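Dumped my_file15.txt below, it's compact mmCIF, C-alpha atoms and all ligand atoms:
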```txt
# COMPACT_ATOMS: atom_id res chain seq x y z
CA MET A 29 91.36 73.76 -83.96
CA ARG A 30 90.60 76.61 -86.35
CA ALA A 31 94.35 77.04 -86.96
CA VAL A 32 94.56 73.39 -87.95
CA ILE A 33 91.64 73.69 -90.37
CA VAL A 34 93.11 76.81 -91.96
CA ALA A 35 96.49 75.09 -92.21
CA VAL A 36 95.04 71.96 -93.79
CA THR A 37 93.11 74.09 -96.31
CA ALA A 38 96.33 75.94 -97.12
CA LEU A 39 98.10 72.62 -97.63
CA VAL A 40 95.44 71.41 -100.06
CA LEU A 41 95.59 74.69 -102.00
CA LEU A 42 99.38 74.61 -102.07
CA ARG A 43 99.40 71.06 -103.37
CA ALA A 44 96.87 71.95 -106.07
CA GLY A 45 98.94 74.85 -107.36
CA ASP A 46 102.36 73.33 -106.81
CA ALA A 47 104.31 72.95 -110.03
CA GLY A 48 107.97 72.82 -108.95
CA ALA A 49 109.85 71.68 -105.85
CA GLY A 50 108.90 73.49 -102.65
CA PRO A 51 108.78 72.90 -98.91
CA LEU A 52 106.15 70.20 -99.44
CA ASP A 53 108.72 68.09 -101.25
CA THR A 54 111.08 68.03 -98.25
CA PRO A 55 111.22 64.42 -97.01
CA GLY A 56 109.09 64.00 -93.88
CA TYR A 57 107.15 67.25 -94.32
CA ASP A 58 103.81 65.47 -94.70
CA LYS A 59 104.41 63.55 -91.45
CA ALA A 60 105.49 66.65 -89.53
CA PHE A 61 102.65 68.83 -90.73
CA ALA A 62 100.37 68.41 -87.69
CA CYS A 63 103.13 69.67 -85.41
CA SER A 64 103.23 73.17 -86.89
CA ALA A 65 99.99 74.19 -85.13
CA CYS A 66 101.95 74.35 -81.86
CA HIS A 67 105.65 74.14 -82.79
CA GLY A 68 105.50 76.65 -85.67
CA ALA A 69 106.40 76.37 -89.35
CA ALA A 70 109.35 73.97 -89.88
CA GLY A 71 109.51 73.55 -86.09
CA ASN A 72 110.46 77.17 -85.38
CA SER A 73 108.05 77.91 -82.55
CA ARG A 74 107.00 81.56 -82.21
CA THR A 75 105.70 81.33 -78.64
CA ASP A 76 107.61 81.47 -75.38
CA ALA A 77 106.07 78.28 -73.96
CA MET A 78 106.60 75.99 -76.96
CA PRO A 79 109.94 74.31 -77.71
CA ILE A 80 111.70 74.78 -81.05
CA LEU A 81 112.14 71.48 -82.92
CA ALA A 82 114.17 72.82 -85.88
CA GLY A 83 117.72 71.48 -85.82
CA MET A 84 117.08 69.12 -82.90
CA SER A 85 119.34 66.08 -82.52
CA PRO A 86 117.47 63.00 -83.81
CA ALA A 87 118.54 60.88 -80.81
CA TYR A 88 117.15 63.35 -78.27
CA PHE A 89 114.03 63.91 -80.40
CA LYS A 90 113.31 60.18 -80.52
CA LYS A 91 113.88 59.75 -76.79
CA ALA A 92 111.40 62.57 -76.11
CA ILE A 93 108.82 60.96 -78.42
CA GLU A 94 109.23 57.55 -76.73
CA ASP A 95 108.99 59.11 -73.26
CA TYR A 96 105.78 61.01 -74.13
CA ALA A 97 104.20 58.05 -75.93
CA SER A 98 104.88 55.69 -73.01
CA GLY A 99 103.64 58.25 -70.48
CA ARG A 100 107.04 58.36 -68.79
CA ARG A 101 107.32 62.10 -69.52
CA PRO A 102 103.74 63.11 -68.74
CA SER A 103 102.17 65.62 -71.15
CA PRO A 104 98.49 65.53 -72.10
CA GLU A 105 99.31 67.75 -75.12
CA MET A 106 102.16 65.65 -76.49
CA GLU A 107 101.08 62.10 -75.70
CA PRO A 108 98.64 61.71 -78.65
CA TYR A 109 101.09 63.33 -81.09
CA ALA A 110 103.96 61.18 -79.85
CA LYS A 111 101.86 58.09 -80.47
CA MET A 112 101.12 59.42 -83.94
CA VAL A 113 104.85 59.93 -84.62
CA ARG A 114 105.52 56.37 -83.49
CA THR A 115 102.96 55.12 -86.04
CA LEU A 116 104.26 57.34 -88.84
CA GLY A 117 107.88 56.39 -88.15
CA ALA A 118 109.95 58.41 -85.67
CA ASP A 119 113.09 58.32 -87.88
CA ALA A 120 111.42 60.21 -90.74
CA VAL A 121 109.93 62.87 -88.45
CA ALA A 122 113.19 63.25 -86.47
CA GLY A 123 115.11 63.56 -89.73
CA TYR A 124 112.76 66.22 -91.06
CA PHE A 125 113.15 68.47 -87.99
CA ALA A 126 116.92 67.87 -87.70
CA ALA A 127 117.29 69.20 -91.27
CA GLN A 128 115.37 72.45 -90.64
CA ARG A 129 117.27 75.69 -90.05
CA ARG A 130 116.80 76.91 -86.50
CA GLU A 131 115.63 80.49 -86.01
CA PRO A 132 116.13 82.52 -82.82
CA PRO A 133 113.31 82.17 -80.27
CA ALA A 134 110.56 84.75 -79.86
CA GLY A 135 110.64 87.06 -76.87
CA LYS A 136 112.96 89.79 -75.66
CA VAL A 137 116.34 89.08 -74.09
CA ASP A 138 116.49 90.16 -70.43
CA ARG A 139 120.14 91.26 -70.22
CA ALA A 140 120.30 91.44 -66.41
CA ALA A 141 118.85 87.92 -66.09
CA VAL A 142 121.30 86.64 -68.74
CA THR A 143 124.25 88.03 -66.75
CA ARG A 144 123.03 86.43 -63.52
CA GLY A 145 122.33 83.16 -65.35
CA ARG A 146 125.81 83.06 -66.89
CA ALA A 147 127.30 83.36 -63.38
CA ALA A 148 125.23 80.36 -62.19
CA ALA A 149 125.85 78.11 -65.21
CA ALA A 150 128.90 76.27 -63.85
CA ALA A 151 126.56 73.71 -62.25
CA CYS A 152 125.20 72.83 -65.68
CA ALA A 153 128.40 72.86 -67.76
CA ALA A 154 129.57 69.46 -66.50
CA CYS A 155 126.86 67.86 -68.65
CA HIS A 156 125.57 70.52 -71.07
CA GLY A 157 129.08 71.84 -71.82
CA ASP A 158 130.49 75.37 -71.64
CA THR A 159 128.49 76.32 -74.73
CA GLY A 160 125.21 74.65 -73.64
CA LYS A 161 125.26 72.54 -76.80
CA GLY A 162 125.06 69.31 -74.80
CA ASP A 163 126.61 65.98 -75.70
CA ALA A 164 124.65 63.84 -78.15
CA ALA A 165 126.72 60.73 -77.29
CA ARG A 166 125.57 60.98 -73.65
CA ALA A 167 121.98 61.93 -74.60
CA VAL A 168 122.43 65.40 -73.09
CA PRO A 169 120.40 67.88 -75.16
CA ASP A 170 121.41 71.21 -76.66
CA ILE A 171 119.58 73.77 -74.51
CA THR A 172 120.70 76.92 -76.36
CA GLY A 173 118.28 79.11 -78.28
CA GLN A 174 115.11 77.59 -76.85
CA PRO A 175 112.43 80.02 -75.64
CA ALA A 176 113.20 81.13 -72.06
CA GLY A 177 109.66 80.34 -70.89
CA TYR A 178 109.93 76.74 -72.13
CA LEU A 179 113.34 76.21 -70.45
CA ARG A 180 112.15 77.72 -67.18
CA ASN A 181 109.02 75.59 -67.15
CA GLN A 182 111.02 72.39 -67.76
CA LEU A 183 113.45 73.28 -64.96
CA MET A 184 110.52 73.73 -62.57
CA LEU A 185 109.11 70.36 -63.69
CA PHE A 186 112.48 68.68 -63.05
CA LYS A 187 112.70 70.35 -59.64
CA ALA A 188 109.21 69.15 -58.66
CA GLU A 189 109.98 65.62 -60.00
CA ARG A 190 107.19 66.05 -62.56
CA ARG A 191 109.29 65.58 -65.70
CA SER A 192 110.03 61.88 -66.27
CA PRO A 193 109.59 60.92 -62.62
CA GLY A 194 111.75 57.94 -61.68
CA ASP A 195 113.99 58.11 -64.82
CA GLU A 196 117.32 57.10 -63.28
CA ALA A 197 119.36 58.74 -66.03
CA LEU A 198 118.01 62.10 -64.80
CA THR A 199 118.52 61.67 -61.04
CA LYS A 200 121.82 63.55 -61.09
CA MET A 201 120.48 66.52 -63.05
CA LYS A 202 117.42 66.74 -60.78
CA SER A 203 119.57 66.70 -57.64
CA VAL A 204 121.52 69.68 -59.04
CA VAL A 205 118.36 71.59 -60.01
CA LYS A 206 116.76 70.98 -56.60
CA THR A 207 119.55 72.96 -54.90
CA ILE A 208 118.95 76.04 -57.09
CA PRO A 209 116.41 78.75 -56.12
CA ASP A 210 113.49 79.32 -58.56
CA ASP A 211 114.70 82.85 -59.43
CA THR A 212 118.11 81.50 -60.41
CA LEU A 213 116.47 78.81 -62.56
CA ALA A 214 114.65 81.63 -64.39
CA ASP A 215 118.03 83.39 -64.87
CA LEU A 216 119.58 80.18 -66.22
CA ALA A 217 116.66 79.84 -68.65
CA ALA A 218 117.24 83.43 -69.85
CA TYR A 219 120.98 82.76 -70.24
CA TYR A 220 120.69 79.54 -72.26
CA SER A 221 117.87 81.01 -74.35
CA SER A 222 120.14 83.94 -75.26
CA LEU A 223 122.97 81.71 -76.55
CA GLY A 224 123.13 81.21 -80.29
CA ARG A 225 121.01 84.23 -81.19
C1 LIG B 1 98.72 70.83 -79.13
C2 LIG B 1 100.04 71.39 -79.22
C3 LIG B 1 101.15 70.46 -79.71
C4 LIG B 1 101.20 69.77 -80.91
C5 LIG B 1 100.20 69.74 -82.04
C6 LIG B 1 102.49 69.10 -80.92
N1 LIG B 1 103.19 69.39 -79.77
FE1 LIG B 1 105.08 68.75 -79.31
N2 LIG B 1 104.99 69.75 -77.53
C7 LIG B 1 103.89 70.45 -77.05
C8 LIG B 1 104.15 70.88 -75.69
C9 LIG B 1 103.21 71.69 -74.82
C10 LIG B 1 105.44 70.40 -75.35
C11 LIG B 1 106.15 70.51 -73.99
C12 LIG B 1 105.58 69.42 -73.09
C13 LIG B 1 106.34 69.20 -71.81
O1 LIG B 1 106.14 69.95 -70.85
O2 LIG B 1 107.18 68.27 -71.77
C14 LIG B 1 105.94 69.70 -76.54
C15 LIG B 1 107.18 69.10 -76.60
C16 LIG B 1 107.67 68.40 -77.69
C17 LIG B 1 108.98 67.79 -77.77
C18 LIG B 1 110.06 67.83 -76.70
C19 LIG B 1 111.00 69.00 -76.94
C20 LIG B 1 112.16 69.03 -75.98
O3 LIG B 1 112.97 69.96 -76.13
O4 LIG B 1 112.27 68.18 -75.10
C21 LIG B 1 109.07 67.18 -78.99
C22 LIG B 1 110.25 66.38 -79.54
C23 LIG B 1 107.81 67.41 -79.67
N3 LIG B 1 106.98 68.17 -78.86
C24 LIG B 1 107.51 66.94 -80.95
C25 LIG B 1 106.27 67.13 -81.58
C26 LIG B 1 105.95 66.56 -82.89
C27 LIG B 1 106.91 65.76 -83.75
C28 LIG B 1 104.66 66.93 -83.16
C29 LIG B 1 103.83 66.58 -84.40
C30 LIG B 1 103.70 65.18 -84.72
C31 LIG B 1 104.19 67.72 -82.04
N4 LIG B 1 105.18 67.81 -81.10
C32 LIG B 1 102.92 68.29 -81.96
C33 LIG B 1 102.73 70.72 -77.76
C34 LIG B 1 102.39 70.21 -79.01
C1 LIG B 2 124.36 65.15 -64.65
C2 LIG B 2 124.19 65.78 -65.95
C3 LIG B 2 123.34 67.03 -66.04
C4 LIG B 2 123.48 68.20 -65.30
C5 LIG B 2 124.48 68.52 -64.21
C6 LIG B 2 122.49 69.11 -65.84
N1 LIG B 2 121.76 68.51 -66.82
FE1 LIG B 2 120.20 69.30 -67.84
N2 LIG B 2 119.85 67.53 -68.76
C7 LIG B 2 120.62 66.40 -68.64
C8 LIG B 2 120.03 65.33 -69.41
C9 LIG B 2 120.58 63.91 -69.57
C10 LIG B 2 118.85 65.85 -70.01
C11 LIG B 2 117.87 65.11 -70.94
C12 LIG B 2 116.57 64.83 -70.21
C13 LIG B 2 115.72 63.79 -70.91
O1 LIG B 2 116.26 62.87 -71.51
O2 LIG B 2 114.49 63.93 -70.86
C14 LIG B 2 118.77 67.24 -69.57
C15 LIG B 2 117.74 68.11 -69.94
C16 LIG B 2 117.71 69.45 -69.62
C17 LIG B 2 116.69 70.37 -70.06
C18 LIG B 2 115.49 70.05 -70.93
C19 LIG B 2 115.76 70.41 -72.36
C20 LIG B 2 114.57 70.27 -73.25
O3 LIG B 2 114.72 70.53 -74.46
O4 LIG B 2 113.47 69.96 -72.79
C21 LIG B 2 117.01 71.60 -69.56
C22 LIG B 2 116.25 72.91 -69.75
C23 LIG B 2 118.23 71.44 -68.78
N3 LIG B 2 118.62 70.13 -68.85
C24 LIG B 2 118.87 72.47 -68.13
C25 LIG B 2 119.90 72.27 -67.20
C26 LIG B 2 120.43 73.31 -66.35
C27 LIG B 2 119.98 74.77 -66.39
C28 LIG B 2 121.39 72.73 -65.56
C29 LIG B 2 122.19 73.38 -64.46
C30 LIG B 2 121.43 73.91 -63.36
C31 LIG B 2 121.45 71.32 -65.93
N4 LIG B 2 120.53 71.09 -66.93
C32 LIG B 2 122.30 70.39 -65.37
C33 LIG B 2 121.78 66.29 -67.89
C34 LIG B 2 122.25 67.24 -66.99
```

Rewritten as structure tokens:
Amino acid sequence: MRAVIVAVTALVLLRAGDAGAGPLDTPGYDKAFACSACHGAAGNSRTDAMPILAGMSPAYFKKAIEDYASGRRPSPEMEPYAKMVRTLGADAVAGYFAAQRREPPAGKVDRAAVTRGRAAAAACAACHGDTGKGDAARAVPDITGQPAGYLRNQLMLFKAERRSPGDEALTKMKSVVKTIPDDTLADLAAYYSSLGR
């Protein structure tokens, strides 16, 4: 909460002293402002648990927002913000984050885990592609360069049927993940996190 207050104060001060064009003039910035408390400045999260939003495909972004807002993808943290994005206009917020330059995730690269993860990635390439960049036309997200902790946590949620339970589009992915030991899921998270650094 304190971070939010400090950030809002900073915003007011910046606006007061703002003569020329700056980050505040980027379309959608005002609507995306509340997100920075958790997802970092311009959507470049600096913590291992929080996903990076910078450069995210608008289609995947909007699906995530709809799923959180409807409660289909349960998250007590995201549900209120997803509802807020719906009210503000998901297109503007999605467009703002898609236009931001993605920075590498925080956290060290565990080389041994990356090597093991690369060897296990064939099971994922059918959908996420050899590069992990996904396939926007099939609503398969880019999973490269996200924090390893976030990717690992999502894989465990898929495995336990706690991410979007009952979403038929995800049945196939979940059946693949359920056959993979937890340690290997952690290796896969390290591998995909390391791509694009
Ligand atoms: C209180 C902290 C918090 C705030 C503020 C917040 N988020 Fe999130 N966000 C999270 C967490 C935690 C997750 C991961 C939830 C999960 O397990 O699915 C997440 C996930 C997401 C995802 C899904 C990412 C993916 O790769 O699937 C999107 C999109 C998102 N947030 C957008 C936003 C937007 C837009 C805002 C501002 C309007 C916002 N968030 C504000 C905590 C927050
Ligand atoms: C049958 C196709 C398919 C296969 C195989 C597959 N995925 Fe996915 N994956 C998807 C789809 C579709 C989504 C989008 C989920 C959604 O819409 O919420 C996804 C989402 C994810 C996410 C969440 C990304 C985010 O930003 O929250 C991760 C992580 C992931 N996949 C990792 C993997 C890994 C690792 C493997 C291999 C073990 C794998 N996937 C295999 C289709 C697949």

query = For ligand LIG 1 (chain B), which residue out of A:Gln128, A:Asn181, A:Thr75, A:Thr54 is the nearest one, using only C-alpha atoms and all ligand atoms?
reply =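 Once distances to ligand LIG 1 (chain B) are computed over only C-alpha atoms and all ligand atoms, the minimum belongs to A:Asn181.
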
For Arg129 (chain A), the nearest of the candidates A:Cys152, A:Ala141, A:Ala62, A:Met84, counting only C-alpha atoms =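 Checking each of A:Cys152, A:Ala141, A:Ala62, A:Met84 against Arg129 (chain A), counting only C-alpha atoms, the winner is A:Met84.
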
inquiry  = Distance limit 9 Å, reference ligand LIG 1 (chain B), atoms considered: only C-alpha atoms and all ligand atoms. Which residues make the cut? Give them as a VMD selection string.
reply    = chain A and resid 32 59 to 67 71 77 to 81 84 88 to 93 96 101 to 113 116 118 121 to 122 125 169 to 171 174 178 to 179 181 to 182 185 191 to 192

Could those selected residues go to a file with C-alpha atoms, as a short mmCIF file (atom, residue, chain, number, x, y, z; two decimals), keeping the file's coordinate frame?
```
data_model
loop_
_atom_site.label_atom_id
_atom_site.label_comp_id
_atom_site.auth_asym_id
_atom_site.auth_seq_id
_atom_site.Cartn_x
_atom_site.Cartn_y
_atom_site.Cartn_z
CA VAL A 32 94.56 73.39 -87.95
CA LYS A 59 104.41 63.55 -91.45
CA ALA A 60 105.49 66.65 -89.53
CA PHE A 61 102.65 68.83 -90.73
CA ALA A 62 100.37 68.41 -87.69
CA CYS A 63 103.13 69.67 -85.41
CA SER A 64 103.23 73.17 -86.89
CA ALA A 65 99.99 74.19 -85.13
CA CYS A 66 101.95 74.35 -81.86
CA HIS A 67 105.65 74.14 -82.79
CA GLY A 71 109.51 73.55 -86.09
CA ALA A 77 106.07 78.28 -73.96
CA MET A 78 106.60 75.99 -76.96
CA PRO A 79 109.94 74.31 -77.71
CA ILE A 80 111.70 74.78 -81.05
CA LEU A 81 112.14 71.48 -82.92
CA MET A 84 117.08 69.12 -82.90
CA TYR A 88 117.15 63.35 -78.27
CA PHE A 89 114.03 63.91 -80.40
CA LYS A 90 113.31 60.18 -80.52
CA LYS A 91 113.88 59.75 -76.79
CA ALA A 92 111.40 62.57 -76.11
CA ILE A 93 108.82 60.96 -78.42
CA TYR A 96 105.78 61.01 -74.13
CA ARG A 101 107.32 62.10 -69.52
CA PRO A 102 103.74 63.11 -68.74
CA SER A 103 102.17 65.62 -71.15
CA PRO A 104 98.49 65.53 -72.10
CA GLU A 105 99.31 67.75 -75.12
CA MET A 106 102.16 65.65 -76.49
CA GLU A 107 101.08 62.10 -75.70
CA PRO A 108 98.64 61.71 -78.65
CA TYR A 109 101.09 63.33 -81.09
CA ALA A 110 103.96 61.18 -79.85
CA LYS A 111 101.86 58.09 -80.47
CA MET A 112 101.12 59.42 -83.94
CA VAL A 113 104.85 59.93 -84.62
CA LEU A 116 104.26 57.34 -88.84
CA ALA A 118 109.95 58.41 -85.67
CA VAL A 121 109.93 62.87 -88.45
CA ALA A 122 113.19 63.25 -86.47
CA PHE A 125 113.15 68.47 -87.99
CA PRO A 169 120.40 67.88 -75.16
CA ASP A 170 121.41 71.21 -76.66
CA ILE A 171 119.58 73.77 -74.51
CA GLN A 174 115.11 77.59 -76.85
CA TYR A 178 109.93 76.74 -72.13
CA LEU A 179 113.34 76.21 -70.45
CA ASN A 181 109.02 75.59 -67.15
CA GLN A 182 111.02 72.39 -67.76
CA LEU A 185 109.11 70.36 -63.69
CA ARG A 191 109.29 65.58 -65.70
CA SER A 192 110.03 61.88 -66.27
#
```

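Atom pair atom C32 of ligand LIG 2 (chain B) / CA of Arg100 (chain A) has a distance of 19.7 Å (rounded to one decimal).
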
query = Between A:Leu223, A:Ala188, A:Ala82, A:Leu198, which has the minimum distance to ligand LIG 2 (chain B) (counting only C-alpha atoms and all ligand atoms)?
reply =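 Comparing A:Leu223, A:Ala188, A:Ala82, A:Leu198 against ligand LIG 2 (chain B), the winner is A:Leu198.
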
query = For ligand LIG 2 (chain B), which residue out of A:Ala69, A:Ala218, A:Val168, A:Ala150 is the nearest one, using only C-alpha atoms and all ligand atoms?
reply = A:Val168

key: Length of the atom C19 of ligand LIG 2 (chain B) to CA of Pro55 (chain A) vector [Å]   = 25.8 Å

task = Do a neighbour search on Cys155 (chain A) at 9 Å with all atoms listed in the file, toss out local chain neighbours closer than 3 positions, and write the hits as a PyMOL selection string.
result = chain A and resi 151-152+158+160+162-163+166+168+201

Name the residues in contact with Met184 (chain A) at a cut-off of 12 Å, using only C-alpha atoms, excluding same-chain residues fewer than 2 positions from it; report them as a JSON list (two decimals) with C-alpha atoms, keeping the file's coordinate frame.
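Here's the written file around-v7.json:
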```
[["chain", "number", "residue", "atom", "x", "y", "z"],
["A", 177, "GLY", "CA", 109.66, 80.34, -70.89],
["A", 178, "TYR", "CA", 109.93, 76.74, -72.13],
["A", 179, "LEU", "CA", 113.34, 76.21, -70.45],
["A", 180, "ARG", "CA", 112.15, 77.72, -67.18],
["A", 181, "ASN", "CA", 109.02, 75.59, -67.15],
["A", 182, "GLN", "CA", 111.02, 72.39, -67.76],
["A", 186, "PHE", "CA", 112.48, 68.68, -63.05],
["A", 187, "LYS", "CA", 112.70, 70.35, -59.64],
["A", 188, "ALA", "CA", 109.21, 69.15, -58.66],
["A", 189, "GLU", "CA", 109.98, 65.62, -60.00],
["A", 190, "ARG", "CA", 107.19, 66.05, -62.56],
["A", 191, "ARG", "CA", 109.29, 65.58, -65.70],
["A", 202, "LYS", "CA", 117.42, 66.74, -60.78],
["A", 205, "VAL", "CA", 118.36, 71.59, -60.01],
["A", 206, "LYS", "CA", 116.76, 70.98, -56.60],
["A", 207, "THR", "CA", 119.55, 72.96, -54.90],
["A", 208, "ILE", "CA", 118.95, 76.04, -57.09],
["A", 209, "PRO", "CA", 116.41, 78.75, -56.12],
["A", 210, "ASP", "CA", 113.49, 79.32, -58.56],
["A", 211, "ASP", "CA", 114.70, 82.85, -59.43],
["A", 212, "THR", "CA", 118.11, 81.50, -60.41],
["A", 213, "LEU", "CA", 116.47, 78.81, -62.56],
["A", 214, "ALA", "CA", 114.65, 81.63, -64.39],
["A", 216, "LEU", "CA", 119.58, 80.18, -66.22],
["A", 217, "ALA", "CA", 116.66, 79.84, -68.65]]
```

ask   = Restricting the calculation to all atoms listed in the file, which member of A:Gly135, A:Ala167, A:Ala70, A:Asp53 is positioned closest to Ala197 (chain A)?
value = A:Ala167

Using the atoms already present, construct N, CA and C atoms for region 84-104 of chain A and hand them back as a short mmCIF file (atom, residue, chain, number, x, y, z; two decimals), in the coordinates of the input.
```cif
data_model
loop_
_atom_site.label_atom_id
_atom_site.label_comp_id
_atom_site.auth_asym_id
_atom_site.auth_seq_id
_atom_site.Cartn_x
_atom_site.Cartn_y
_atom_site.Cartn_z
N MET A 84 116.92 69.95 -84.11
CA MET A 84 117.08 69.12 -82.90
C MET A 84 117.77 67.79 -83.23
N SER A 85 118.63 67.35 -82.32
CA SER A 85 119.34 66.08 -82.52
C SER A 85 118.33 64.93 -82.61
N PRO A 86 118.45 64.09 -83.64
CA PRO A 86 117.47 63.00 -83.81
C PRO A 86 117.41 62.06 -82.60
N ALA A 87 118.54 61.81 -81.96
CA ALA A 87 118.54 60.88 -80.81
C ALA A 87 117.71 61.44 -79.66
N TYR A 88 117.92 62.72 -79.36
CA TYR A 88 117.15 63.35 -78.27
C TYR A 88 115.67 63.44 -78.66
N PHE A 89 115.41 63.81 -79.90
CA PHE A 89 114.03 63.91 -80.40
C PHE A 89 113.31 62.57 -80.20
N LYS A 90 113.96 61.49 -80.60
CA LYS A 90 113.31 60.18 -80.52
C LYS A 90 113.11 59.73 -79.07
N LYS A 91 114.06 60.09 -78.21
CA LYS A 91 113.88 59.75 -76.79
C LYS A 91 112.66 60.49 -76.23
N ALA A 92 112.54 61.78 -76.59
CA ALA A 92 111.40 62.57 -76.11
C ALA A 92 110.08 61.94 -76.59
N ILE A 93 110.04 61.57 -77.86
CA ILE A 93 108.82 60.96 -78.42
C ILE A 93 108.48 59.67 -77.68
N GLU A 94 109.46 58.81 -77.45
CA GLU A 94 109.23 57.55 -76.73
C GLU A 94 108.74 57.82 -75.31
N ASP A 95 109.37 58.80 -74.65
CA ASP A 95 108.99 59.11 -73.26
C ASP A 95 107.56 59.65 -73.18
N TYR A 96 107.17 60.49 -74.13
CA TYR A 96 105.78 61.01 -74.13
C TYR A 96 104.80 59.87 -74.45
N ALA A 97 105.13 59.09 -75.48
CA ALA A 97 104.20 58.05 -75.93
C ALA A 97 103.96 57.01 -74.84
N SER A 98 105.00 56.71 -74.05
CA SER A 98 104.88 55.69 -73.01
C SER A 98 104.30 56.27 -71.72
N GLY A 99 104.16 57.60 -71.68
CA GLY A 99 103.64 58.25 -70.48
C GLY A 99 104.71 58.51 -69.43
N ARG A 100 105.96 58.16 -69.77
CA ARG A 100 107.04 58.36 -68.79
C ARG A 100 107.29 59.86 -68.56
N ARG A 101 107.24 60.64 -69.63
CA ARG A 101 107.32 62.10 -69.52
C ARG A 101 105.90 62.62 -69.71
N PRO A 102 105.18 62.84 -68.61
CA PRO A 102 103.74 63.11 -68.74
C PRO A 102 103.45 64.45 -69.42
N SER A 103 102.64 64.41 -70.49
CA SER A 103 102.17 65.62 -71.15
C SER A 103 100.89 65.28 -71.90
N PRO A 104 99.75 65.80 -71.41
CA PRO A 104 98.49 65.53 -72.10
C PRO A 104 98.51 66.07 -73.53
#
```
